[in-house]
$ cat work_22.cif   # mmCIF, C-alpha atoms
data_target
#
loop_
_atom_site.group_PDB
_atom_site.id
_atom_site.type_symbol
_atom_site.label_atom_id
_atom_site.label_comp_id
_atom_site.auth_asym_id
_atom_site.auth_seq_id
_atom_site.Cartn_x
_atom_site.Cartn_y
_atom_site.Cartn_z
ATOM 1 C CA MET A 537 79.103 15.301 67.069
ATOM 2 C CA ASP A 538 81.991 16.441 64.906
ATOM 3 C CA VAL A 539 80.632 15.825 61.394
ATOM 4 C CA LEU A 540 82.032 18.776 59.452
ATOM 5 C CA PRO A 541 85.747 17.920 59.837
ATOM 6 C CA ASP A 542 84.969 14.368 58.661
ATOM 7 C CA LEU A 543 83.315 15.731 55.510
ATOM 8 C CA ALA A 544 86.259 18.035 54.859
ATOM 9 C CA THR A 545 88.911 15.316 55.224
ATOM 10 C CA ARG A 546 87.278 12.560 53.183
ATOM 11 C CA PRO A 547 89.093 12.023 49.883
ATOM 12 C CA MET A 548 87.355 13.012 46.670
ATOM 13 C CA THR A 549 86.276 10.003 44.637
ATOM 14 C CA VAL A 550 84.968 9.783 41.104
ATOM 15 C CA GLY A 551 81.481 9.012 42.381
ATOM 16 C CA ARG A 552 81.399 11.953 44.802
ATOM 17 C CA SER A 553 82.753 14.273 42.122
ATOM 18 C CA ARG A 554 80.084 13.221 39.626
ATOM 19 C CA TRP A 555 77.251 13.593 42.156
ATOM 20 C CA LEU A 556 78.522 17.026 43.168
ATOM 21 C CA GLY A 557 78.869 18.094 39.538
ATOM 22 C CA ARG A 558 75.390 16.912 38.621
ATOM 23 C CA GLY A 559 73.974 18.674 41.668
ATOM 24 C CA LEU A 560 75.664 21.949 40.751
ATOM 25 C CA MET A 561 74.389 21.717 37.190
ATOM 26 C CA ALA A 562 70.863 20.938 38.392
ATOM 27 C CA VAL A 563 70.820 23.937 40.728
ATOM 28 C CA ALA A 564 72.174 26.195 37.974
ATOM 29 C CA ALA A 565 69.524 24.933 35.550
ATOM 30 C CA LEU A 566 66.766 25.522 38.114
ATOM 31 C CA VAL A 567 67.984 29.074 38.712
ATOM 32 C CA ALA A 568 68.050 29.715 34.955
ATOM 33 C CA ALA A 569 64.520 28.327 34.558
ATOM 34 C CA TRP A 570 63.312 30.445 37.481
ATOM 35 C CA TRP A 571 64.876 33.541 35.892
ATOM 36 C CA LEU A 572 63.310 32.820 32.483
ATOM 37 C CA ARG A 573 59.890 32.313 34.070
ATOM 38 C CA ARG A 574 60.295 35.563 35.976
ATOM 39 C CA LEU A 575 61.417 37.310 32.765
ATOM 40 C CA VAL A 576 58.022 36.595 31.234
ATOM 41 C CA ARG A 577 56.103 37.842 34.268
ATOM 42 C CA ARG A 578 58.204 40.809 35.438
ATOM 43 C CA PRO A 579 60.698 41.763 32.761
ATOM 44 C CA LEU A 580 62.119 44.893 34.401
ATOM 45 C CA ILE A 581 63.066 43.209 37.673
ATOM 46 C CA SER A 582 64.435 40.198 35.813
ATOM 47 C CA LEU A 583 66.645 42.364 33.643
ATOM 48 C CA LEU A 584 68.003 44.020 36.766
ATOM 49 C CA LEU A 585 68.776 40.593 38.250
ATOM 50 C CA ALA A 586 70.494 39.361 35.077
ATOM 51 C CA PRO A 587 74.004 40.750 35.759
ATOM 52 C CA ALA A 588 74.141 38.830 39.040
ATOM 53 C CA LEU A 589 72.253 35.639 38.172
ATOM 54 C CA LEU A 590 73.461 34.790 34.687
ATOM 55 C CA PRO A 591 77.203 34.742 35.505
ATOM 56 C CA ALA A 592 76.392 32.607 38.559
ATOM 57 C CA VAL A 593 74.442 30.178 36.345
ATOM 58 C CA VAL A 594 77.298 29.968 33.839
ATOM 59 C CA LEU A 595 79.844 29.436 36.613
ATOM 60 C CA GLY A 596 77.660 26.732 38.187
ATOM 61 C CA LEU A 597 77.264 24.917 34.868
ATOM 62 C CA TRP A 598 81.000 25.128 34.134
ATOM 63 C CA ALA A 599 82.049 23.939 37.597
ATOM 64 C CA GLY A 600 79.431 21.179 37.580
ATOM 65 C CA PHE A 601 80.490 19.952 34.163
ATOM 66 C CA THR A 602 84.154 20.015 35.183
ATOM 67 C CA LEU A 603 83.473 17.995 38.333
ATOM 68 C CA ASN A 604 81.291 15.582 36.378
ATOM 69 C CA VAL A 605 83.952 14.706 33.792
ATOM 70 C CA MET A 606 87.066 14.805 36.019
ATOM 71 C CA ASP A 607 88.663 11.441 36.721
ATOM 72 C CA TRP A 608 90.196 11.667 40.208
ATOM 73 C CA ASP A 609 91.783 8.224 39.910
ATOM 74 C CA GLU A 610 93.972 9.255 36.957
ATOM 75 C CA PRO A 611 96.966 11.374 38.068
ATOM 76 C CA ALA A 612 97.212 13.145 34.702
ATOM 77 C CA ASP A 613 94.079 15.149 35.569
ATOM 78 C CA PHE A 614 95.724 17.026 38.406
ATOM 79 C CA LEU A 615 99.480 16.783 37.791
ATOM 80 C CA GLY A 616 99.628 18.797 34.595
ATOM 81 C CA ASP A 617 101.742 18.129 31.532
ATOM 82 C CA GLU A 618 105.082 18.165 33.316
ATOM 83 C CA GLY A 619 104.032 15.558 35.881
ATOM 84 C CA SER A 620 102.365 13.003 33.637
ATOM 85 C CA ALA A 621 103.678 9.480 33.935
ATOM 86 C CA ALA A 622 104.916 7.970 30.675
#

$ encode --input "work_22.cif" --output "structure tokens"
Amino acid sequence: MDVLPDLATRPMTVGRSRWLGRGLMAVAALVAAWWLRRLVRRPLISLLLAPALLPAVVLGLWAGFTLNVMDWDEPADFLGDEGSAA
């Protein structure tokens, strides 16, 4: 049962990218909501967790948004300006 290499070698599609991006954004939003709820109940511990959690939430939202809007079928997204086809 060799599942992991199959998952690693499958090509990224627009659909997979959007699902992954939405999932990352959902997890980041849940972590942010959990932190805000905890901030109301135990402010001191929540403020100590903030330097670790908040950058992770921002990074998760940014990466999720990027994966959600990227168009893997269009070469201009990953070739850069010098490699764009005219």

$ atom_distance --input "work_22.cif" --atom1 "CA of Thr602 in chain A" --atom2 "CA of Leu585 in chain A"
25.9 Å

$ closest_residue --input "work_22.cif" --among "A:Arg573, A:Arg552, A:Arg558, A:Arg578" --to "Asp607 in chain A" --atoms "all atoms listed in the file"
A:Arg552

$ residues_around --input "work_22.cif" --residues "range 589-595 of chain A" --least-positions-apart "3" --cutoff "9 Å" --atoms "only C-alpha atoms" --output "tab-separated table (two decimals) with C-alpha atoms, keeping the file's coordinate frame"
chain	number	residue	atom	x	y	z
A	561	MET	CA	74.39	21.72	37.19
A	563	VAL	CA	70.82	23.94	40.73
A	564	ALA	CA	72.17	26.20	37.97
A	565	ALA	CA	69.52	24.93	35.55
A	567	VAL	CA	67.98	29.07	38.71
A	568	ALA	CA	68.05	29.72	34.96
A	571	TRP	CA	64.88	33.54	35.89
A	585	LEU	CA	68.78	40.59	38.25
A	586	ALA	CA	70.49	39.36	35.08
A	598	TRP	CA	81.00	25.13	34.13
A	599	ALA	CA	82.05	23.94	37.60
A	600	GLY	CA	79.43	21.18	37.58

$ atom_distance --input "work_22.cif" --atom1 "CA of Asn604 in chain A" --atom2 "CA of Gly557 in chain A"
4.7 Å

$ closest_residue --input "work_22.cif" --among "A:Ser553, A:Gly559, A:Arg546, A:Leu580" --to "Trp608 in chain A" --atoms "only C-alpha atoms"
A:Ser553

$ atom_distance --input "work_22.cif" --atom1 "CA of Ala562 in chain A" --atom2 "CA of Pro579 in chain A"
23.8 Å

$ build_atoms --input "work_22.cif" --residues "range 541-575 of chain A" --atoms "N, CA and C atoms" --output "short mmCIF file (atom, residue, chain, number, x, y, z; two decimals), keeping the file's coordinate frame"
data_model
loop_
_atom_site.label_atom_id
_atom_site.label_comp_id
_atom_site.auth_asym_id
_atom_site.auth_seq_id
_atom_site.Cartn_x
_atom_site.Cartn_y
_atom_site.Cartn_z
N PRO A 541 84.36 18.28 60.18
CA PRO A 541 85.75 17.92 59.84
C PRO A 541 85.85 16.59 59.08
N ASP A 542 84.95 15.64 59.38
CA ASP A 542 84.97 14.37 58.66
C ASP A 542 84.63 14.58 57.19
N LEU A 543 83.67 15.46 56.90
CA LEU A 543 83.32 15.73 55.51
C LEU A 543 84.44 16.44 54.78
N ALA A 544 85.18 17.28 55.48
CA ALA A 544 86.26 18.04 54.86
C ALA A 544 87.49 17.18 54.61
N THR A 545 87.70 16.12 55.36
CA THR A 545 88.91 15.32 55.22
C THR A 545 88.72 14.06 54.40
N ARG A 546 87.48 13.74 54.03
CA ARG A 546 87.28 12.56 53.18
C ARG A 546 87.86 12.81 51.80
N PRO A 547 88.51 11.81 51.21
CA PRO A 547 89.09 12.02 49.88
C PRO A 547 88.00 12.11 48.82
N MET A 548 88.29 12.89 47.78
CA MET A 548 87.36 13.01 46.67
C MET A 548 87.46 11.76 45.81
N THR A 549 86.33 11.17 45.50
CA THR A 549 86.28 10.00 44.64
C THR A 549 85.57 10.39 43.35
N VAL A 550 85.63 9.52 42.37
CA VAL A 550 84.97 9.78 41.10
C VAL A 550 83.46 9.87 41.32
N GLY A 551 82.92 9.00 42.13
CA GLY A 551 81.48 9.01 42.38
C GLY A 551 81.02 10.29 43.08
N ARG A 552 81.76 10.71 44.10
CA ARG A 552 81.40 11.95 44.80
C ARG A 552 81.53 13.16 43.88
N SER A 553 82.56 13.17 43.05
CA SER A 553 82.75 14.27 42.12
C SER A 553 81.61 14.35 41.12
N ARG A 554 81.18 13.22 40.60
CA ARG A 554 80.08 13.22 39.63
C ARG A 554 78.77 13.65 40.26
N TRP A 555 78.47 13.18 41.47
CA TRP A 555 77.25 13.59 42.16
C TRP A 555 77.27 15.09 42.44
N LEU A 556 78.40 15.60 42.89
CA LEU A 556 78.52 17.03 43.17
C LEU A 556 78.37 17.84 41.89
N GLY A 557 78.98 17.40 40.82
CA GLY A 557 78.87 18.09 39.54
C GLY A 557 77.45 18.11 39.01
N ARG A 558 76.78 16.97 39.08
CA ARG A 558 75.39 16.91 38.62
C ARG A 558 74.49 17.79 39.48
N GLY A 559 74.76 17.82 40.77
CA GLY A 559 73.97 18.67 41.67
C GLY A 559 74.16 20.15 41.36
N LEU A 560 75.41 20.56 41.12
CA LEU A 560 75.66 21.95 40.75
C LEU A 560 74.99 22.32 39.44
N MET A 561 75.04 21.43 38.46
CA MET A 561 74.39 21.72 37.19
C MET A 561 72.87 21.78 37.34
N ALA A 562 72.31 20.92 38.17
CA ALA A 562 70.86 20.94 38.39
C ALA A 562 70.43 22.24 39.06
N VAL A 563 71.17 22.68 40.06
CA VAL A 563 70.82 23.94 40.73
C VAL A 563 70.94 25.10 39.76
N ALA A 564 72.00 25.12 38.95
CA ALA A 564 72.17 26.20 37.97
C ALA A 564 71.04 26.19 36.95
N ALA A 565 70.63 25.02 36.51
CA ALA A 565 69.52 24.93 35.55
C ALA A 565 68.21 25.40 36.18
N LEU A 566 67.98 25.06 37.44
CA LEU A 566 66.77 25.52 38.11
C LEU A 566 66.76 27.03 38.27
N VAL A 567 67.90 27.61 38.60
CA VAL A 567 67.98 29.07 38.71
C VAL A 567 67.73 29.72 37.36
N ALA A 568 68.27 29.17 36.30
CA ALA A 568 68.05 29.72 34.96
C ALA A 568 66.58 29.61 34.57
N ALA A 569 65.94 28.49 34.86
CA ALA A 569 64.52 28.33 34.56
C ALA A 569 63.67 29.30 35.37
N TRP A 570 64.04 29.49 36.64
CA TRP A 570 63.31 30.44 37.48
C TRP A 570 63.44 31.85 36.90
N TRP A 571 64.66 32.22 36.45
CA TRP A 571 64.88 33.54 35.89
C TRP A 571 64.09 33.73 34.59
N LEU A 572 64.06 32.71 33.73
CA LEU A 572 63.31 32.82 32.48
C LEU A 572 61.81 32.96 32.75
N ARG A 573 61.31 32.21 33.72
CA ARG A 573 59.89 32.31 34.07
C ARG A 573 59.58 33.70 34.61
N ARG A 574 60.48 34.23 35.41
CA ARG A 574 60.30 35.56 35.98
C ARG A 574 60.43 36.64 34.89
N LEU A 575 61.25 36.37 33.87
CA LEU A 575 61.42 37.31 32.76
C LEU A 575 60.11 37.53 32.03
#
